Amino acid sequence: MGRAQRSRAAEGDTTKRRREKIGHEAPGTVLRGPPIAITCACGQRHSVPYGTVWTCPDCARVWDTSDVPREDYEAIRRITLRFRALPVALGLLVATIALFFILTGNTTAVFVLLPLTLMVWFTYLRDAHRRRYRAALAERQRWTLDSR
Ligand SMILES: [Zn+2]
């Protein structure tokens with residue numbers, strides 16, 4: 001994946017872009033946290049993982065994302081983790097219930113449970129989940145860093 005493609009993740013200046021973020025994040029975003037979008041003084045933009053030093057290719061200013069306070073960044077990382085964990089937890093719960101039905105010989109119930117869960121998720125839960133996720137991310141902070 002090219003670096004340019006990653007830059008959408010932390011930027012998200014349109015609703016559509018933030019939507020896409022949920023499905024197409026850079027590897028490691030969930031555990032290591034979302035990338036930090038840097039806007040250079042010259043206008044050049046780039047997203048890098050937290051703790052990375054980035055040198056602007058246009059004006060050679062050097063930006064160090066470890067200047068962002070650790071606790072601020074951790075708060076954002078927790079939002080990403082929390083919202084990512086919910087669908088996973090739901091999936092595991094449904095899988096457990098399905099397994100229970102299979103083990104108790106109630107196979108027919110599985111064929112009701114799985115489509116029903118998917119329907120409920122896509123009809124009600126997914127959009128509400130995305131709305132809350134966007135709202136939580138909209139509160140994310142911006143920092144003004146000094147170039148080196
Ligand atoms: Zn620059």
# chains A, B, ... in the order shown; residues from 1 in each chain; ligands from 1
>>> residues_around(residues="stretch 44-50 of chain A", least_positions_apart="6", cutoff="6 Å", atoms="only C-alpha atoms", output="CSV table (one decimal) with C-alpha atoms, in the first residue's frame")
chain,number,residue,atom,x,y,z
A,7,SER,CA,-3.2,9.7,4.4
A,35,PRO,CA,-1.6,7.6,11.8
A,36,ILE,CA,-1.1,11.2,12.5
A,37,ALA,CA,-1.8,13.6,9.7
A,38,ILE,CA,0.9,16.2,9.3
A,65,THR,CA,5.3,13.2,15.9
>>> residues_near_ligand(ligand="ligand 1", cutoff="9 Å", atoms="only C-alpha atoms and all ligand atoms", output="short mmCIF file (atom, residue, chain, number, x, y, z; two decimals) with all heavy atoms, in the first residue's frame")
data_model
loop_
_atom_site.label_atom_id
_atom_site.label_comp_id
_atom_site.auth_asym_id
_atom_site.auth_seq_id
_atom_site.Cartn_x
_atom_site.Cartn_y
_atom_site.Cartn_z
N THR A 39 0.36 18.39 8.48
CA THR A 39 0.29 19.40 7.43
C THR A 39 1.50 20.31 7.63
O THR A 39 1.63 20.99 8.64
CB THR A 39 -1.00 20.22 7.51
OG1 THR A 39 -2.11 19.31 7.45
CG2 THR A 39 -1.10 21.19 6.35
N CYS A 40 2.38 20.27 6.67
CA CYS A 40 3.62 21.04 6.77
C CYS A 40 3.32 22.53 6.61
O CYS A 40 2.29 22.92 6.06
CB CYS A 40 4.58 20.58 5.68
SG CYS A 40 6.19 21.39 5.73
N ALA A 41 4.22 23.36 7.09
CA ALA A 41 4.06 24.81 6.95
C ALA A 41 3.97 25.22 5.49
O ALA A 41 3.38 26.25 5.16
CB ALA A 41 5.24 25.50 7.63
N CYS A 42 4.52 24.41 4.60
CA CYS A 42 4.47 24.74 3.18
C CYS A 42 3.19 24.23 2.52
O CYS A 42 2.95 24.47 1.34
CB CYS A 42 5.68 24.17 2.46
SG CYS A 42 5.62 22.38 2.27
N GLY A 43 2.37 23.47 3.26
CA GLY A 43 1.12 22.99 2.70
C GLY A 43 1.13 21.52 2.34
O GLY A 43 0.09 20.91 2.12
N GLN A 44 2.29 20.93 2.29
CA GLN A 44 2.43 19.51 2.00
C GLN A 44 1.80 18.69 3.14
O GLN A 44 1.99 19.02 4.30
CB GLN A 44 3.92 19.19 1.87
CG GLN A 44 4.27 17.75 1.64
CD GLN A 44 3.98 17.28 0.22
OE1 GLN A 44 3.26 16.31 0.03
NE2 GLN A 44 4.54 17.97 -0.78
N ARG A 45 1.06 17.63 2.78
CA ARG A 45 0.42 16.82 3.81
C ARG A 45 0.90 15.38 3.73
O ARG A 45 1.11 14.86 2.64
CB ARG A 45 -1.09 16.82 3.63
CG ARG A 45 -1.69 18.15 3.95
CD ARG A 45 -3.14 18.15 3.60
NE ARG A 45 -3.85 19.09 4.45
CZ ARG A 45 -5.12 18.96 4.80
NH1 ARG A 45 -5.81 17.92 4.41
NH2 ARG A 45 -5.70 19.87 5.55
N THR A 55 10.32 14.04 7.23
CA THR A 55 10.96 15.17 6.57
C THR A 55 10.14 15.53 5.33
O THR A 55 9.89 14.68 4.49
CB THR A 55 12.39 14.82 6.15
OG1 THR A 55 13.08 14.31 7.29
CG2 THR A 55 13.12 16.04 5.62
N CYS A 56 9.71 16.78 5.27
CA CYS A 56 8.90 17.22 4.14
C CYS A 56 9.74 17.16 2.87
O CYS A 56 10.84 17.70 2.83
CB CYS A 56 8.40 18.64 4.38
SG CYS A 56 7.48 19.30 2.98
N PRO A 57 9.21 16.50 1.83
CA PRO A 57 9.99 16.39 0.59
C PRO A 57 10.11 17.73 -0.15
O PRO A 57 11.01 17.91 -0.96
CB PRO A 57 9.20 15.38 -0.24
CG PRO A 57 7.82 15.41 0.32
CD PRO A 57 7.94 15.78 1.76
N ASP A 58 9.21 18.66 0.13
CA ASP A 58 9.22 19.94 -0.59
C ASP A 58 10.16 20.96 0.03
O ASP A 58 10.91 21.64 -0.66
CB ASP A 58 7.81 20.54 -0.65
CG ASP A 58 6.93 19.76 -1.63
OD1 ASP A 58 7.45 18.81 -2.25
OD2 ASP A 58 5.74 20.11 -1.75
N CYS A 59 10.06 21.11 1.37
CA CYS A 59 10.80 22.20 1.98
C CYS A 59 11.82 21.71 3.01
O CYS A 59 12.49 22.52 3.65
CB CYS A 59 9.84 23.19 2.64
SG CYS A 59 8.98 22.47 4.04
N ALA A 60 11.90 20.39 3.20
CA ALA A 60 12.90 19.77 4.07
C ALA A 60 12.73 20.12 5.55
O ALA A 60 13.64 19.88 6.34
CB ALA A 60 14.32 20.08 3.60
N ARG A 61 11.59 20.66 5.95
CA ARG A 61 11.34 20.82 7.39
C ARG A 61 11.17 19.42 8.00
O ARG A 61 10.64 18.52 7.36
CB ARG A 61 10.07 21.62 7.64
CG ARG A 61 10.21 23.12 7.45
CD ARG A 61 8.91 23.81 7.84
NE ARG A 61 8.93 25.24 7.63
CZ ARG A 61 8.61 25.84 6.47
NH1 ARG A 61 8.24 25.12 5.43
NH2 ARG A 61 8.65 27.15 6.35
N VAL A 62 11.60 19.27 9.22
CA VAL A 62 11.52 17.97 9.90
C VAL A 62 10.49 18.03 11.02
O VAL A 62 10.54 18.93 11.86
CB VAL A 62 12.90 17.56 10.46
CG1 VAL A 62 12.80 16.26 11.23
CG2 VAL A 62 13.91 17.43 9.32
#
>>> select_by_dssp(residues="stretch 42-117 of chain A", states="helix (DSSP H, G or I)", output="tab-separated table (two decimals) with all heavy atoms, in the first residue's frame")
chain	number	residue	atom	x	y	z
A	65	THR	N	6.58	13.41	15.31
A	65	THR	CA	5.25	13.19	15.91
A	65	THR	C	5.34	12.78	17.38
A	65	THR	O	4.33	12.75	18.06
A	65	THR	CB	4.45	12.12	15.15
A	65	THR	OG1	5.24	10.94	15.07
A	65	THR	CG2	4.10	12.60	13.74
A	66	SER	N	6.54	12.45	17.87
A	66	SER	CA	6.61	12.15	19.31
A	66	SER	C	6.51	13.43	20.14
A	66	SER	O	6.46	13.37	21.36
A	66	SER	CB	7.85	11.32	19.67
A	66	SER	OG	8.94	11.68	18.89
A	67	ASP	N	6.45	14.58	19.47
A	67	ASP	CA	6.16	15.83	20.19
A	67	ASP	C	4.70	15.89	20.64
A	67	ASP	O	4.34	16.67	21.51
A	67	ASP	CB	6.43	17.04	19.29
A	67	ASP	CG	7.92	17.25	19.04
A	67	ASP	OD1	8.72	16.61	19.76
A	67	ASP	OD2	8.27	18.02	18.14
A	70	ARG	N	1.95	11.90	24.71
A	70	ARG	CA	1.60	10.49	24.71
A	70	ARG	C	0.15	10.25	25.15
A	70	ARG	O	-0.59	9.50	24.53
A	70	ARG	CB	2.57	9.75	25.65
A	70	ARG	CG	2.39	8.25	25.71
A	70	ARG	CD	3.14	7.57	24.60
A	70	ARG	NE	2.30	6.52	24.02
A	70	ARG	CZ	2.62	5.81	22.94
A	70	ARG	NH1	3.73	6.07	22.31
A	70	ARG	NH2	1.83	4.89	22.48
A	71	GLU	N	-0.26	10.92	26.23
A	71	GLU	CA	-1.60	10.65	26.76
A	71	GLU	C	-2.70	11.13	25.81
A	71	GLU	O	-3.76	10.52	25.70
A	71	GLU	CB	-1.78	11.24	28.17
A	71	GLU	CG	-1.57	12.72	28.29
A	71	GLU	CD	-0.10	13.07	28.60
A	71	GLU	OE1	0.82	12.30	28.21
A	71	GLU	OE2	0.11	14.11	29.24
A	72	ASP	N	-2.43	12.21	25.08
A	72	ASP	CA	-3.39	12.69	24.08
A	72	ASP	C	-3.57	11.65	22.99
A	72	ASP	O	-4.67	11.34	22.56
A	72	ASP	CB	-2.90	13.99	23.42
A	72	ASP	CG	-2.97	15.16	24.38
A	72	ASP	OD1	-3.35	14.96	25.54
A	72	ASP	OD2	-2.64	16.29	23.95
A	73	TYR	N	-2.43	11.13	22.55
A	73	TYR	CA	-2.49	10.15	21.48
A	73	TYR	C	-3.14	8.86	21.94
A	73	TYR	O	-3.93	8.26	21.23
A	73	TYR	CB	-1.09	9.87	20.92
A	73	TYR	CG	-1.17	8.94	19.75
A	73	TYR	CD1	-1.67	9.39	18.53
A	73	TYR	CD2	-0.83	7.60	19.87
A	73	TYR	CE1	-1.81	8.53	17.47
A	73	TYR	CE2	-0.97	6.74	18.81
A	73	TYR	CZ	-1.45	7.21	17.61
A	73	TYR	OH	-1.60	6.35	16.55
A	74	GLU	N	-2.85	8.45	23.17
A	74	GLU	CA	-3.44	7.23	23.72
A	74	GLU	C	-4.96	7.32	23.76
A	74	GLU	O	-5.67	6.35	23.51
A	74	GLU	CB	-2.91	6.97	25.15
A	74	GLU	CG	-1.52	6.36	25.17
A	74	GLU	CD	-1.48	4.99	24.51
A	74	GLU	OE1	-2.39	4.19	24.74
A	74	GLU	OE2	-0.54	4.75	23.74
A	75	ALA	N	-5.47	8.51	24.08
A	75	ALA	CA	-6.92	8.71	24.15
A	75	ALA	C	-7.55	8.44	22.78
A	75	ALA	O	-8.60	7.80	22.68
A	75	ALA	CB	-7.25	10.12	24.61
A	76	ILE	N	-6.89	8.88	21.73
A	76	ILE	CA	-7.40	8.67	20.37
A	76	ILE	C	-7.29	7.20	19.99
A	76	ILE	O	-8.19	6.63	19.39
A	76	ILE	CB	-6.62	9.55	19.38
A	76	ILE	CG1	-7.05	11.00	19.61
A	76	ILE	CG2	-6.88	9.13	17.95
A	76	ILE	CD1	-6.16	11.99	18.96
A	77	ARG	N	-6.19	6.62	20.38
A	77	ARG	CA	-5.99	5.21	20.06
A	77	ARG	C	-7.07	4.34	20.73
A	77	ARG	O	-7.55	3.37	20.16
A	77	ARG	CB	-4.61	4.76	20.54
A	77	ARG	CG	-4.12	3.48	19.89
A	77	ARG	CD	-2.77	3.14	20.43
A	77	ARG	NE	-2.85	2.75	21.82
A	77	ARG	CZ	-2.94	1.49	22.23
A	77	ARG	NH1	-2.95	0.52	21.38
A	77	ARG	NH2	-3.01	1.21	23.51
A	78	ARG	N	-7.44	4.73	21.95
A	78	ARG	CA	-8.48	3.98	22.65
A	78	ARG	C	-9.82	4.06	21.93
A	78	ARG	O	-10.57	3.09	21.91
A	78	ARG	CB	-8.62	4.48	24.09
A	78	ARG	CG	-7.64	3.82	25.04
A	78	ARG	CD	-8.04	4.04	26.49
A	78	ARG	NE	-8.03	5.45	26.84
A	78	ARG	CZ	-6.96	6.10	27.27
A	78	ARG	NH1	-5.83	5.47	27.41
A	78	ARG	NH2	-7.03	7.39	27.56
A	79	ILE	N	-10.13	5.22	21.35
A	79	ILE	CA	-11.38	5.36	20.60
A	79	ILE	C	-11.40	4.36	19.45
A	79	ILE	O	-12.36	3.62	19.26
A	79	ILE	CB	-11.53	6.81	20.05
A	79	ILE	CG1	-11.73	7.79	21.19
A	79	ILE	CG2	-12.69	6.87	19.05
A	79	ILE	CD1	-11.72	9.25	20.74
A	80	THR	N	-10.29	4.32	18.70
A	80	THR	CA	-10.19	3.39	17.57
A	80	THR	C	-10.38	1.95	18.03
A	80	THR	O	-11.13	1.19	17.43
A	80	THR	CB	-8.82	3.54	16.90
A	80	THR	OG1	-8.52	4.92	16.78
A	80	THR	CG2	-8.81	2.90	15.54
A	81	LEU	N	-9.70	1.61	19.11
A	81	LEU	CA	-9.76	0.24	19.63
A	81	LEU	C	-11.17	-0.13	20.07
A	81	LEU	O	-11.68	-1.19	19.74
A	81	LEU	CB	-8.82	0.11	20.84
A	81	LEU	CG	-7.47	-0.53	20.60
A	81	LEU	CD1	-6.73	-0.65	21.91
A	81	LEU	CD2	-7.62	-1.90	19.97
A	82	ARG	N	-11.76	0.78	20.83
A	82	ARG	CA	-13.08	0.52	21.40
A	82	ARG	C	-14.11	0.29	20.30
A	82	ARG	O	-14.88	-0.66	20.34
A	82	ARG	CB	-13.47	1.71	22.27
A	82	ARG	CG	-14.78	1.57	22.98
A	82	ARG	CD	-14.80	2.42	24.25
A	82	ARG	NE	-14.15	3.74	24.12
A	82	ARG	CZ	-14.80	4.84	23.75
A	82	ARG	NH1	-16.07	4.79	23.50
A	82	ARG	NH2	-14.15	5.99	23.66
A	83	PHE	N	-14.08	1.14	19.30
A	83	PHE	CA	-15.08	1.01	18.24
A	83	PHE	C	-14.80	-0.17	17.34
A	83	PHE	O	-15.68	-0.72	16.72
A	83	PHE	CB	-15.19	2.31	17.45
A	83	PHE	CG	-16.02	3.33	18.17
A	83	PHE	CD1	-15.47	4.15	19.13
A	83	PHE	CD2	-17.37	3.43	17.91
A	83	PHE	CE1	-16.23	5.07	19.82
A	83	PHE	CE2	-18.15	4.35	18.59
A	83	PHE	CZ	-17.58	5.16	19.55
A	84	ARG	N	-13.55	-0.56	17.26
A	84	ARG	CA	-13.21	-1.72	16.46
A	84	ARG	C	-13.59	-3.00	17.19
A	84	ARG	O	-13.96	-4.00	16.58
A	84	ARG	CB	-11.70	-1.69	16.18
A	84	ARG	CG	-11.31	-2.56	15.06
A	84	ARG	CD	-12.40	-2.55	14.02
A	84	ARG	NE	-12.21	-1.55	13.01
A	84	ARG	CZ	-11.32	-1.64	12.06
A	84	ARG	NH1	-10.50	-2.64	12.01
A	84	ARG	NH2	-11.24	-0.71	11.17
A	85	ALA	N	-13.52	-2.96	18.48
A	85	ALA	CA	-13.76	-4.17	19.27
A	85	ALA	C	-15.23	-4.56	19.28
A	85	ALA	O	-15.56	-5.73	19.38
A	85	ALA	CB	-13.25	-3.96	20.70
A	86	LEU	N	-16.12	-3.59	19.16
A	86	LEU	CA	-17.54	-3.90	19.27
A	86	LEU	C	-18.05	-4.90	18.23
A	86	LEU	O	-18.64	-5.91	18.60
A	86	LEU	CB	-18.38	-2.61	19.23
A	86	LEU	CG	-19.86	-2.86	19.47
A	86	LEU	CD1	-20.23	-2.67	20.92
A	86	LEU	CD2	-20.71	-1.98	18.57
A	87	PRO	N	-17.82	-4.66	16.92
A	87	PRO	CA	-18.28	-5.65	15.95
A	87	PRO	C	-17.63	-7.01	16.14
A	87	PRO	O	-18.26	-8.04	15.95
A	87	PRO	CB	-17.89	-5.06	14.60
A	87	PRO	CG	-17.66	-3.61	14.85
A	87	PRO	CD	-17.22	-3.50	16.27
A	88	VAL	N	-16.37	-7.01	16.56
A	88	VAL	CA	-15.66	-8.26	16.80
A	88	VAL	C	-16.33	-9.02	17.96
A	88	VAL	O	-16.59	-10.22	17.88
A	88	VAL	CB	-14.17	-7.99	17.11
A	88	VAL	CG1	-13.47	-9.28	17.53
A	88	VAL	CG2	-13.49	-7.39	15.90
A	89	ALA	N	-16.63	-8.29	19.02
A	89	ALA	CA	-17.29	-8.90	20.18
A	89	ALA	C	-18.65	-9.45	19.80
A	89	ALA	O	-19.02	-10.56	20.20
A	89	ALA	CB	-17.42	-7.87	21.30
A	90	LEU	N	-19.37	-8.69	19.01
A	90	LEU	CA	-20.69	-9.14	18.55
A	90	LEU	C	-20.56	-10.42	17.72
A	90	LEU	O	-21.31	-11.38	17.91
A	90	LEU	CB	-21.36	-8.03	17.73
A	90	LEU	CG	-22.80	-8.29	17.31
A	90	LEU	CD1	-23.72	-8.17	18.51
A	90	LEU	CD2	-23.23	-7.31	16.23
A	91	GLY	N	-19.59	-10.44	16.83
A	91	GLY	CA	-19.35	-11.62	15.99
A	91	GLY	C	-19.02	-12.85	16.82
A	91	GLY	O	-19.54	-13.94	16.58
A	92	LEU	N	-18.17	-12.65	17.84
A	92	LEU	CA	-17.80	-13.76	18.71
A	92	LEU	C	-19.00	-14.27	19.49
A	92	LEU	O	-19.18	-15.48	19.66
A	92	LEU	CB	-16.70	-13.33	19.69
A	92	LEU	CG	-15.30	-13.20	19.09
A	92	LEU	CD1	-14.33	-12.67	20.14
A	92	LEU	CD2	-14.82	-14.54	18.55
A	93	LEU	N	-19.82	-13.35	19.96
A	93	LEU	CA	-21.01	-13.72	20.72
A	93	LEU	C	-21.94	-14.58	19.86
A	93	LEU	O	-22.39	-15.65	20.29
A	93	LEU	CB	-21.74	-12.45	21.19
A	93	LEU	CG	-23.04	-12.68	21.95
A	93	LEU	CD1	-22.75	-13.24	23.35
A	93	LEU	CD2	-23.85	-11.40	22.05
A	94	VAL	N	-22.18	-14.12	18.63
A	94	VAL	CA	-23.07	-14.86	17.73
A	94	VAL	C	-22.48	-16.23	17.40
A	94	VAL	O	-23.19	-17.24	17.39
A	94	VAL	CB	-23.34	-14.05	16.45
A	94	VAL	CG1	-24.07	-14.88	15.41
A	94	VAL	CG2	-24.14	-12.80	16.79
A	95	ALA	N	-21.17	-16.27	17.18
A	95	ALA	CA	-20.51	-17.54	16.88
A	95	ALA	C	-20.65	-18.51	18.05
A	95	ALA	O	-20.87	-19.71	17.86
A	95	ALA	CB	-19.04	-17.30	16.57
A	96	THR	N	-20.55	-17.98	19.27
A	96	THR	CA	-20.68	-18.81	20.46
A	96	THR	C	-22.10	-19.38	20.57
A	96	THR	O	-22.29	-20.56	20.86
A	96	THR	CB	-20.36	-17.99	21.74
A	96	THR	OG1	-19.09	-17.37	21.55
A	96	THR	CG2	-20.31	-18.88	22.96
A	97	ILE	N	-23.08	-18.51	20.33
A	97	ILE	CA	-24.47	-18.96	20.39
A	97	ILE	C	-24.73	-20.01	19.31
A	97	ILE	O	-25.37	-21.03	19.56
A	97	ILE	CB	-25.44	-17.75	20.24
A	97	ILE	CG1	-25.27	-16.79	21.42
A	97	ILE	CG2	-26.89	-18.23	20.16
A	97	ILE	CD1	-26.00	-15.47	21.25
A	98	ALA	N	-24.18	-19.75	18.10
A	98	ALA	CA	-24.36	-20.70	17.00
A	98	ALA	C	-23.76	-22.05	17.37
A	98	ALA	O	-24.37	-23.10	17.14
A	98	ALA	CB	-23.71	-20.15	15.73
A	99	LEU	N	-22.57	-22.01	17.96
A	99	LEU	CA	-21.90	-23.24	18.38
A	99	LEU	C	-22.74	-23.99	19.41
A	99	LEU	O	-22.88	-25.21	19.36
A	99	LEU	CB	-20.52	-22.90	18.96
A	99	LEU	CG	-19.61	-24.10	19.25
A	99	LEU	CD1	-19.19	-24.77	17.94
A	99	LEU	CD2	-18.37	-23.65	20.02
A	100	PHE	N	-23.31	-23.22	20.33
A	100	PHE	CA	-24.17	-23.81	21.35
A	100	PHE	C	-25.35	-24.55	20.71
A	100	PHE	O	-25.65	-25.69	21.06
A	100	PHE	CB	-24.66	-22.72	22.31
A	100	PHE	CG	-25.71	-23.18	23.28
A	100	PHE	CD1	-25.35	-23.90	24.42
A	100	PHE	CD2	-27.05	-22.91	23.06
A	100	PHE	CE1	-26.31	-24.34	25.31
A	100	PHE	CE2	-28.02	-23.34	23.95
A	100	PHE	CZ	-27.66	-24.07	25.09
A	101	PHE	N	-25.97	-23.90	19.74
A	101	PHE	CA	-27.11	-24.53	19.05
A	101	PHE	C	-26.68	-25.80	18.32
A	101	PHE	O	-27.39	-26.81	18.33
A	101	PHE	CB	-27.73	-23.54	18.04
A	101	PHE	CG	-28.63	-22.52	18.69
A	101	PHE	CD1	-28.62	-21.19	18.24
A	101	PHE	CD2	-29.48	-22.86	19.72
A	101	PHE	CE1	-29.44	-20.24	18.81
A	101	PHE	CE2	-30.31	-21.91	20.31
A	101	PHE	CZ	-30.29	-20.60	19.86
A	102	ILE	N	-25.51	-25.74	17.68
A	102	ILE	CA	-25.02	-26.90	16.94
A	102	ILE	C	-24.76	-28.06	17.90
A	102	ILE	O	-25.16	-29.20	17.67
A	102	ILE	CB	-23.74	-26.53	16.15
A	102	ILE	CG1	-24.10	-25.58	15.01
A	102	ILE	CG2	-23.06	-27.80	15.60
A	102	ILE	CD1	-22.91	-24.92	14.36
A	103	LEU	N	-24.12	-27.76	19.02
A	103	LEU	CA	-23.77	-28.80	19.98
A	103	LEU	C	-25.00	-29.41	20.65
A	103	LEU	O	-24.97	-30.56	21.05
A	103	LEU	CB	-22.81	-28.24	21.06
A	103	LEU	CG	-21.41	-27.86	20.57
A	103	LEU	CD1	-20.58	-27.27	21.69
A	103	LEU	CD2	-20.69	-29.07	19.97
A	107	THR	N	-29.75	-27.45	15.10
A	107	THR	CA	-29.14	-26.86	13.91
A	107	THR	C	-30.06	-25.86	13.20
A	107	THR	O	-29.59	-24.88	12.65
A	107	THR	CB	-28.75	-27.98	12.91
A	107	THR	OG1	-28.29	-29.09	13.66
A	107	THR	CG2	-27.66	-27.51	11.97
A	108	THR	N	-31.34	-26.11	13.25
A	108	THR	CA	-32.28	-25.20	12.58
A	108	THR	C	-32.16	-23.79	13.13
A	108	THR	O	-32.25	-22.80	12.38
A	108	THR	CB	-33.73	-25.68	12.78
A	108	THR	OG1	-33.74	-27.09	12.91
A	108	THR	CG2	-34.61	-25.26	11.62
A	109	ALA	N	-31.95	-23.67	14.41
A	109	ALA	CA	-31.84	-22.35	15.05
A	109	ALA	C	-30.68	-21.54	14.49
A	109	ALA	O	-30.75	-20.32	14.39
A	109	ALA	CB	-31.68	-22.52	16.56
A	110	VAL	N	-29.61	-22.25	14.09
A	110	VAL	CA	-28.46	-21.57	13.51
A	110	VAL	C	-28.86	-20.86	12.22
A	110	VAL	O	-28.44	-19.73	11.95
A	110	VAL	CB	-27.31	-22.57	13.25
A	110	VAL	CG1	-26.13	-21.89	12.57
A	110	VAL	CG2	-26.86	-23.20	14.56
A	111	PHE	N	-29.70	-21.52	11.44
A	111	PHE	CA	-30.11	-20.94	10.16
A	111	PHE	C	-31.07	-19.76	10.34
A	111	PHE	O	-31.31	-19.00	9.43
A	111	PHE	CB	-30.76	-22.02	9.27
A	111	PHE	CG	-29.75	-23.02	8.77
A	111	PHE	CD1	-29.62	-24.24	9.40
A	111	PHE	CD2	-28.92	-22.70	7.70
A	111	PHE	CE1	-28.67	-25.16	8.97
A	111	PHE	CE2	-27.97	-23.61	7.26
A	111	PHE	CZ	-27.84	-24.85	7.90
A	112	VAL	N	-31.60	-19.65	11.53
A	112	VAL	CA	-32.42	-18.48	11.85
A	112	VAL	C	-31.52	-17.40	12.45
A	112	VAL	O	-31.58	-16.23	12.06
A	112	VAL	CB	-33.55	-18.85	12.85
A	112	VAL	CG1	-34.35	-17.61	13.23
A	112	VAL	CG2	-34.43	-19.92	12.27
A	113	LEU	N	-30.67	-17.81	13.36
A	113	LEU	CA	-29.81	-16.88	14.09
A	113	LEU	C	-28.89	-16.07	13.18
A	113	LEU	O	-28.82	-14.85	13.27
A	113	LEU	CB	-28.97	-17.66	15.12
A	113	LEU	CG	-27.91	-16.87	15.87
A	113	LEU	CD1	-28.54	-16.01	16.95
A	113	LEU	CD2	-26.87	-17.79	16.48
A	114	LEU	N	-28.18	-16.76	12.28
A	114	LEU	CA	-27.18	-16.06	11.47
A	114	LEU	C	-27.78	-15.00	10.54
A	114	LEU	O	-27.34	-13.85	10.57
A	114	LEU	CB	-26.31	-17.08	10.71
A	114	LEU	CG	-25.46	-17.96	11.63
A	114	LEU	CD1	-24.54	-18.86	10.81
A	114	LEU	CD2	-24.63	-17.15	12.63
A	115	PRO	N	-28.80	-15.35	9.74
A	115	PRO	CA	-29.39	-14.27	8.90
A	115	PRO	C	-30.01	-13.16	9.72
A	115	PRO	O	-29.92	-11.99	9.36
A	115	PRO	CB	-30.46	-15.01	8.08
A	115	PRO	CG	-30.15	-16.44	8.21
A	115	PRO	CD	-29.44	-16.64	9.50
A	116	LEU	N	-30.60	-13.56	10.85
A	116	LEU	CA	-31.25	-12.57	11.71
A	116	LEU	C	-30.21	-11.57	12.26
A	116	LEU	O	-30.42	-10.36	12.26
A	116	LEU	CB	-31.96	-13.28	12.87
A	116	LEU	CG	-32.89	-12.41	13.71
A	116	LEU	CD1	-34.16	-12.10	12.91
A	116	LEU	CD2	-33.25	-13.12	15.01
A	117	THR	N	-29.08	-12.11	12.68
A	117	THR	CA	-28.02	-11.25	13.22
A	117	THR	C	-27.51	-10.29	12.15
A	117	THR	O	-27.35	-9.09	12.39
A	117	THR	CB	-26.84	-12.10	13.73
A	117	THR	OG1	-27.36	-13.11	14.58
A	117	THR	CG2	-25.84	-11.25	14.46
>>> atom_distance(atom1="atom CA of A:Arg32", atom2="atom CA of A:Leu125")
26.2 Å
>>> closest_residue(among="A:Trp63, A:Trp54, A:Asn106, A:Pro34", to="A:Ser147", atoms="only C-alpha atoms")
A:Trp63
>>> atom_distance(atom1="atom CA of A:Val120", atom2="atom CA of A:Arg132")
17.2 Å
